[in-house]
>>> print(open('start_2.cif').read())   # mmCIF, C-alpha atoms, pLDDT in the B column; chains and numbers go by the auth columns
data_upload
loop_
_atom_site.group_PDB
_atom_site.id
_atom_site.type_symbol
_atom_site.label_atom_id
_atom_site.label_comp_id
_atom_site.label_asym_id
_atom_site.label_seq_id
_atom_site.Cartn_x
_atom_site.Cartn_y
_atom_site.Cartn_z
_atom_site.B_iso_or_equiv
_atom_site.auth_seq_id
_atom_site.auth_asym_id
ATOM 1 C CA MET A 1 6.540 5.895 -11.005 74.00 1 A
ATOM 2 C CA THR A 2 6.073 5.496 -7.268 83.00 2 A
ATOM 3 C CA MET A 3 8.363 3.270 -5.214 86.00 3 A
ATOM 4 C CA ALA A 4 6.641 1.561 -2.288 91.00 4 A
ATOM 5 C CA VAL A 5 8.822 0.588 0.672 94.00 5 A
ATOM 6 C CA ASN A 6 7.779 -1.452 3.698 94.00 6 A
ATOM 7 C CA VAL A 7 8.553 0.123 7.059 94.00 7 A
ATOM 8 C CA SER A 8 9.183 -2.010 10.143 90.00 8 A
ATOM 9 C CA ALA A 9 8.559 -1.211 13.790 86.00 9 A
ATOM 10 C CA LEU A 10 12.329 -0.941 14.315 88.00 10 A
ATOM 11 C CA GLN A 11 12.470 1.992 11.895 92.00 11 A
ATOM 12 C CA ILE A 12 9.726 3.991 13.584 91.00 12 A
ATOM 13 C CA THR A 13 11.864 5.999 15.989 94.00 13 A
ATOM 14 C CA ALA A 14 11.721 9.637 17.044 96.00 14 A
ATOM 15 C CA ASP A 15 14.324 10.560 14.405 97.00 15 A
ATOM 16 C CA PHE A 16 12.565 8.737 11.543 97.00 16 A
ATOM 17 C CA PRO A 17 11.213 11.950 9.932 97.00 17 A
ATOM 18 C CA ALA A 18 14.712 13.502 9.931 98.00 18 A
ATOM 19 C CA LYS A 19 16.167 10.308 8.457 97.00 19 A
ATOM 20 C CA MET A 20 13.574 10.363 5.683 97.00 20 A
ATOM 21 C CA GLU A 21 14.311 14.023 4.922 98.00 21 A
ATOM 22 C CA ASN A 22 18.047 13.278 4.717 97.00 22 A
ATOM 23 C CA PHE A 23 17.366 10.238 2.520 95.00 23 A
ATOM 24 C CA LEU A 24 15.367 12.330 0.053 97.00 24 A
ATOM 25 C CA LYS A 25 18.145 14.920 -0.161 97.00 25 A
ATOM 26 C CA GLN A 26 21.025 12.433 -0.295 97.00 26 A
ATOM 27 C CA TYR A 27 19.559 10.470 -3.202 95.00 27 A
ATOM 28 C CA ASP A 28 17.749 13.381 -4.869 95.00 28 A
ATOM 29 C CA ILE A 29 14.374 11.659 -4.653 95.00 29 A
ATOM 30 C CA LEU A 30 11.124 13.519 -5.230 96.00 30 A
ATOM 31 C CA PRO A 31 8.973 12.936 -2.130 97.00 31 A
ATOM 32 C CA ASN A 32 5.827 12.257 -4.154 95.00 32 A
ATOM 33 C CA THR A 33 7.540 9.261 -5.789 95.00 33 A
ATOM 34 C CA LEU A 34 7.972 7.489 -2.447 96.00 34 A
ATOM 35 C CA GLU A 35 5.248 5.585 -0.625 96.00 35 A
ATOM 36 C CA LEU A 36 5.893 4.083 2.793 96.00 36 A
ATOM 37 C CA GLU A 37 3.865 1.002 3.679 95.00 37 A
ATOM 38 C CA ILE A 38 3.015 0.365 7.307 92.00 38 A
ATOM 39 C CA THR A 39 0.880 -2.419 8.707 88.00 39 A
ATOM 40 C CA GLU A 40 -2.274 -1.917 10.726 83.00 40 A
ATOM 41 C CA THR A 41 -0.670 -3.812 13.582 82.00 41 A
ATOM 42 C CA LEU A 42 2.340 -1.483 13.654 83.00 42 A
ATOM 43 C CA LEU A 43 0.048 1.534 13.715 82.00 43 A
ATOM 44 C CA MET A 44 -2.121 0.268 16.511 79.00 44 A
ATOM 45 C CA GLU A 45 0.718 -0.901 18.769 81.00 45 A
ATOM 46 C CA ASN A 46 1.654 2.701 19.575 82.00 46 A
ATOM 47 C CA ILE A 47 -0.611 5.057 17.673 85.00 47 A
ATOM 48 C CA ASP A 48 0.018 8.049 19.935 88.00 48 A
ATOM 49 C CA PHE A 49 3.742 7.841 19.173 91.00 49 A
ATOM 50 C CA VAL A 50 3.409 6.947 15.476 90.00 50 A
ATOM 51 C CA GLN A 51 0.768 9.518 14.443 91.00 51 A
ATOM 52 C CA PRO A 52 2.912 12.674 14.859 94.00 52 A
ATOM 53 C CA LEU A 53 5.862 10.999 13.122 94.00 53 A
ATOM 54 C CA LEU A 54 3.709 10.088 10.134 94.00 54 A
ATOM 55 C CA SER A 55 2.358 13.629 9.987 95.00 55 A
ATOM 56 C CA LYS A 56 5.893 15.062 9.866 97.00 56 A
ATOM 57 C CA ILE A 57 6.867 12.666 7.089 96.00 57 A
ATOM 58 C CA CYS A 58 3.649 13.441 5.218 96.00 58 A
ATOM 59 C CA ASP A 59 4.584 17.139 5.435 97.00 59 A
ATOM 60 C CA LEU A 60 7.714 16.240 3.436 97.00 60 A
ATOM 61 C CA GLY A 61 5.418 15.063 0.614 97.00 61 A
ATOM 62 C CA ILE A 62 5.857 11.326 1.147 97.00 62 A
ATOM 63 C CA TYR A 63 2.759 9.132 0.803 95.00 63 A
ATOM 64 C CA PHE A 64 1.599 6.404 3.186 94.00 64 A
ATOM 65 C CA ALA A 65 -0.262 3.162 2.609 94.00 65 A
ATOM 66 C CA ILE A 66 -1.744 0.757 5.140 91.00 66 A
ATOM 67 C CA ASP A 67 -0.381 -2.668 4.200 90.00 67 A
ATOM 68 C CA ASP A 68 -2.282 -5.907 4.921 86.00 68 A
ATOM 69 C CA PHE A 69 -5.449 -3.914 5.579 87.00 69 A
ATOM 70 C CA GLY A 70 -8.194 -5.913 7.228 80.00 70 A
ATOM 71 C CA THR A 71 -5.984 -8.423 9.025 80.00 71 A
ATOM 72 C CA GLY A 72 -5.066 -6.378 12.105 70.00 72 A
ATOM 73 C CA TYR A 73 -6.956 -5.923 15.335 65.00 73 A
ATOM 74 C CA SER A 74 -7.797 -2.277 15.163 63.00 74 A
ATOM 75 C CA SER A 75 -10.423 0.374 15.296 65.00 75 A
ATOM 76 C CA LEU A 76 -11.226 2.000 11.983 79.00 76 A
ATOM 77 C CA SER A 77 -11.273 5.394 13.657 77.00 77 A
ATOM 78 C CA TYR A 78 -7.541 5.863 13.007 79.00 78 A
ATOM 79 C CA LEU A 79 -8.276 6.252 9.292 83.00 79 A
ATOM 80 C CA ARG A 80 -9.881 9.620 10.022 80.00 80 A
ATOM 81 C CA TYR A 81 -6.830 11.295 11.483 79.00 81 A
ATOM 82 C CA LEU A 82 -3.738 9.565 10.108 86.00 82 A
ATOM 83 C CA PRO A 83 -2.115 10.900 6.926 91.00 83 A
ATOM 84 C CA ILE A 84 -2.909 7.802 4.871 92.00 84 A
ATOM 85 C CA ASN A 85 -3.284 7.888 1.087 94.00 85 A
ATOM 86 C CA LYS A 86 -3.919 4.249 0.270 95.00 86 A
ATOM 87 C CA LEU A 87 -5.243 0.984 1.690 94.00 87 A
ATOM 88 C CA LYS A 88 -3.709 -2.281 0.514 94.00 88 A
ATOM 89 C CA ILE A 89 -6.248 -5.080 0.783 94.00 89 A
ATOM 90 C CA ASP A 90 -4.528 -8.154 2.171 93.00 90 A
ATOM 91 C CA ARG A 91 -4.211 -11.144 -0.117 94.00 91 A
ATOM 92 C CA ALA A 92 -6.217 -13.217 2.378 94.00 92 A
ATOM 93 C CA PHE A 93 -9.344 -11.457 1.059 95.00 93 A
ATOM 94 C CA VAL A 94 -8.326 -11.903 -2.592 96.00 94 A
ATOM 95 C CA LEU A 95 -7.293 -15.556 -2.547 95.00 95 A
ATOM 96 C CA ASN A 96 -10.824 -17.026 -2.676 95.00 96 A
ATOM 97 C CA LEU A 97 -12.765 -14.216 -4.337 95.00 97 A
ATOM 98 C CA GLU A 98 -14.033 -16.522 -7.072 95.00 98 A
ATOM 99 C CA ASN A 99 -15.590 -18.970 -4.599 95.00 99 A
ATOM 100 C CA ASN A 100 -16.377 -16.984 -1.469 95.00 100 A
ATOM 101 C CA GLN A 101 -19.126 -14.374 -1.418 96.00 101 A
ATOM 102 C CA GLU A 102 -18.089 -13.264 2.083 96.00 102 A
ATOM 103 C CA ASP A 103 -14.668 -12.254 0.701 95.00 103 A
ATOM 104 C CA VAL A 104 -16.354 -10.399 -2.155 97.00 104 A
ATOM 105 C CA ALA A 105 -18.547 -8.589 0.381 96.00 105 A
ATOM 106 C CA MET A 106 -15.515 -7.684 2.526 94.00 106 A
ATOM 107 C CA VAL A 107 -13.570 -6.365 -0.475 96.00 107 A
ATOM 108 C CA LYS A 108 -16.591 -4.394 -1.652 97.00 108 A
ATOM 109 C CA ALA A 109 -17.007 -2.852 1.815 95.00 109 A
ATOM 110 C CA ILE A 110 -13.304 -1.972 2.124 94.00 110 A
ATOM 111 C CA ILE A 111 -13.294 -0.326 -1.303 97.00 111 A
ATOM 112 C CA ALA A 112 -16.498 1.626 -0.601 96.00 112 A
ATOM 113 C CA MET A 113 -15.172 2.838 2.751 94.00 113 A
ATOM 114 C CA ALA A 114 -11.829 3.850 1.225 94.00 114 A
ATOM 115 C CA LYS A 115 -13.530 5.760 -1.589 96.00 115 A
ATOM 116 C CA ASN A 116 -15.717 7.617 0.913 94.00 116 A
ATOM 117 C CA LEU A 117 -12.544 8.610 2.787 93.00 117 A
ATOM 118 C CA ASN A 118 -10.828 9.695 -0.468 94.00 118 A
ATOM 119 C CA LEU A 119 -8.262 6.900 -0.223 95.00 119 A
ATOM 120 C CA LYS A 120 -6.859 4.837 -3.070 96.00 120 A
ATOM 121 C CA VAL A 121 -7.168 1.050 -2.866 97.00 121 A
ATOM 122 C CA LEU A 122 -4.664 -1.557 -4.009 96.00 122 A
ATOM 123 C CA ALA A 123 -5.398 -5.290 -3.838 96.00 123 A
ATOM 124 C CA GLU A 124 -2.517 -7.663 -3.107 95.00 124 A
ATOM 125 C CA GLY A 125 -2.095 -11.275 -4.125 96.00 125 A
ATOM 126 C CA ILE A 126 -3.844 -11.335 -7.492 97.00 126 A
ATOM 127 C CA GLU A 127 -3.087 -14.599 -9.244 97.00 127 A
ATOM 128 C CA THR A 128 -5.943 -15.019 -11.724 97.00 128 A
ATOM 129 C CA LYS A 129 -7.822 -13.006 -14.311 97.00 129 A
ATOM 130 C CA SER A 130 -11.056 -13.806 -12.481 97.00 130 A
ATOM 131 C CA GLN A 131 -9.753 -12.210 -9.266 98.00 131 A
ATOM 132 C CA LEU A 132 -8.669 -9.160 -11.253 97.00 132 A
ATOM 133 C CA ASN A 133 -12.077 -8.857 -12.922 97.00 133 A
ATOM 134 C CA ILE A 134 -13.943 -9.067 -9.605 97.00 134 A
ATOM 135 C CA LEU A 135 -11.714 -6.356 -8.128 98.00 135 A
ATOM 136 C CA LYS A 136 -12.191 -4.149 -11.190 97.00 136 A
ATOM 137 C CA GLU A 137 -15.975 -4.573 -10.899 96.00 137 A
ATOM 138 C CA GLN A 138 -15.765 -3.399 -7.281 96.00 138 A
ATOM 139 C CA GLY A 139 -13.799 -0.264 -8.230 96.00 139 A
ATOM 140 C CA CYS A 140 -10.345 -1.182 -6.958 97.00 140 A
ATOM 141 C CA ASP A 141 -7.706 1.344 -8.128 96.00 141 A
ATOM 142 C CA ALA A 142 -4.550 -0.758 -8.384 95.00 142 A
ATOM 143 C CA TYR A 143 -3.468 -4.368 -8.363 95.00 143 A
ATOM 144 C CA GLN A 144 -0.445 -6.397 -7.346 93.00 144 A
ATOM 145 C CA GLY A 145 0.402 -10.059 -7.626 94.00 145 A
ATOM 146 C CA TYR A 146 1.866 -12.932 -9.589 93.00 146 A
ATOM 147 C CA TYR A 147 -0.792 -12.505 -12.273 93.00 147 A
ATOM 148 C CA PHE A 148 1.211 -9.484 -13.430 88.00 148 A
ATOM 149 C CA SER A 149 4.758 -10.512 -12.565 83.00 149 A
ATOM 150 C CA ARG A 150 6.813 -12.743 -10.344 85.00 150 A
ATOM 151 C CA PRO A 151 9.617 -11.037 -8.413 85.00 151 A
ATOM 152 C CA VAL A 152 12.406 -9.857 -10.730 85.00 152 A
ATOM 153 C CA GLU A 153 16.158 -9.491 -10.341 89.00 153 A
ATOM 154 C CA LYS A 154 17.513 -6.032 -9.581 84.00 154 A
ATOM 155 C CA GLU A 155 18.883 -5.626 -13.117 85.00 155 A
ATOM 156 C CA THR A 156 15.457 -6.316 -14.597 85.00 156 A
ATOM 157 C CA PHE A 157 13.844 -3.974 -12.102 79.00 157 A
ATOM 158 C CA TYR A 158 16.330 -1.241 -12.949 79.00 158 A
ATOM 159 C CA SER A 159 15.510 -1.572 -16.658 81.00 159 A
ATOM 160 C CA LEU A 160 11.790 -1.404 -15.898 75.00 160 A
ATOM 161 C CA TYR A 161 12.314 1.641 -13.706 72.00 161 A
ATOM 162 C CA ILE A 162 14.406 3.467 -16.305 77.00 162 A
ATOM 163 C CA ASP A 163 11.848 2.648 -19.007 76.00 163 A
ATOM 164 C CA GLY A 164 9.043 3.919 -16.773 64.00 164 A
ATOM 165 C CA THR A 165 7.297 0.562 -16.874 59.00 165 A
ATOM 166 C CA ALA A 166 5.424 -0.176 -13.652 51.00 166 A
ATOM 167 C CA ALA A 167 5.310 -3.956 -14.059 48.00 167 A
ATOM 168 C CA VAL A 168 6.627 -6.737 -16.202 42.00 168 A
ATOM 169 C CA GLN A 169 4.329 -7.118 -19.170 39.00 169 A
ATOM 170 C CA SER A 170 1.970 -10.004 -18.680 40.00 170 A
ATOM 171 C CA SER A 171 0.859 -12.345 -21.425 40.00 171 A
ATOM 172 C CA HIS A 172 -2.668 -12.288 -19.917 44.00 172 A
#
>>> encode(input="start_2.cif", output="structure tokens")
Amino acid sequence: MTMAVNVSALQITADFPAKMENFLKQYDILPNTLELEITETLLMENIDFVQPLLSKICDLGIYFAIDDFGTGYSSLSYLRYLPINKLKIDRAFVLNLENNQEDVAMVKAIIAMAKNLNLKVLAEGIETKSQLNILKEQGCDAYQGYYFSRPVEKETFYSLYIDGTAAVQSSH
């Protein structure tokens, strides 16, 4: 099971790679079970500073995902040289998939681009079976949203983690 953790701009400091290395050792965490999520906006605000830090953390074996992909004001060129493993399609593109062909076209294009760059794709904000089916048809790799589970208490999460269950079982 991989644990995804959002990273804020306040955490991206020069000593962030060393902090991550200490964190892995202190809690005996396998690096390949940790995925750090950073937003497009955070990346683009100071890409020259962020890129080497991400590379150092990637060298530890930690994965990176671009969160809220498609909502930032950025150039796609950064995808070529940043150590990114996954794109997370923002829920804004998922919300109206059933009724909006432009959103379907955007999702299809994002997935095709990601696949051509050997990146995994996760769609956020899935609330209906129809949204899930459209995303599956387009080749999306992973899914997240209330359709699968609402947020759970830490005790429930701990049980799911220990059992190796990635999500609360859905009745859908």
>>> closest_residue(input="start_2.cif", among="A:Phe64, A:Lys108, A:Leu53, A:Ile29", to="A:Gln138", atoms="all atoms listed in the file")
A:Lys108
>>> residues_around(input="start_2.cif", residues="stretch 42-46 of chain A", least_positions_apart="5", cutoff="12 Å", atoms="all atoms listed in the file", output="PyMOL selection string")
chain A and resi 6-13+37+51-54+64-69+71-79+82-84
>>> atom_distance(input="start_2.cif", atom1="atom CA of A:Ala114", atom2="atom CA of A:Asp90")
14.1 Å
>>> atom_distance(input="start_2.cif", atom1="atom CA of A:Asn85", atom2="atom CA of A:Lys56")
14.6 Å
>>> atom_distance(input="start_2.cif", atom1="atom CA of A:Phe16", atom2="atom CA of A:Cys58")
11.9 Å
>>> resolve_selection(input="start_2.cif", expression="the PyMOL selection byres ((chain A and resi 123) around 7)", output="list of chain:residue names")
A:Lys88, A:Ile89, A:Asp90, A:Val121, A:Leu122, A:Glu124, A:Gly125, A:Ala142, A:Tyr143, A:Gln144
>>> residues_near_point(input="start_2.cif", point="(-4.3, -13.5, -13.5)", cutoff="7 Å", atoms="all atoms listed in the file", output="MDAnalysis selection string")
chainID A and resid 126:130 132 147:148 172
>>> axis_aligned_box(input="start_2.cif", around="stretch 140-158 of chain A", padding_each_side="3 Å", output="AutoDock Vina command-line options")
--center_x 4.3 --center_y -5.8 --center_z -10.8 --size_x 35.2 --size_y 20.3 --size_z 13.6
>>> resolve_selection(input="start_2.cif", expression="the PyMOL selection byres ((chain A and resi 33) around 8)", output="PyMOL selection string")
chain A and resi 1-3+29-32+34-35+62
>>> closest_residue(input="start_2.cif", among="A:Leu95, A:Asp15, A:Lys25, A:Leu117", to="A:Phe49", atoms="all atoms listed in the file")
A:Asp15
>>> closest_residue(input="start_2.cif", among="A:Asp141, A:Glu21, A:Glu102, A:Ile111", to="A:Asp59", atoms="all atoms listed in the file")
A:Glu21
>>> closest_residue(input="start_2.cif", among="A:Gly139, A:Met20, A:Gly70, A:Leu119", to="A:Met106", atoms="all atoms listed in the file")
A:Gly70
>>> closest_residue(input="start_2.cif", among="A:Lys115, A:Tyr63, A:Ile57, A:Ala109", to="A:Ala14", atoms="all atoms listed in the file")
A:Ile57
>>> closest_residue(input="start_2.cif", among="A:Ala105, A:Leu24, A:Ile38, A:Leu135", to="A:Val5", atoms="only C-alpha atoms")
A:Ile38
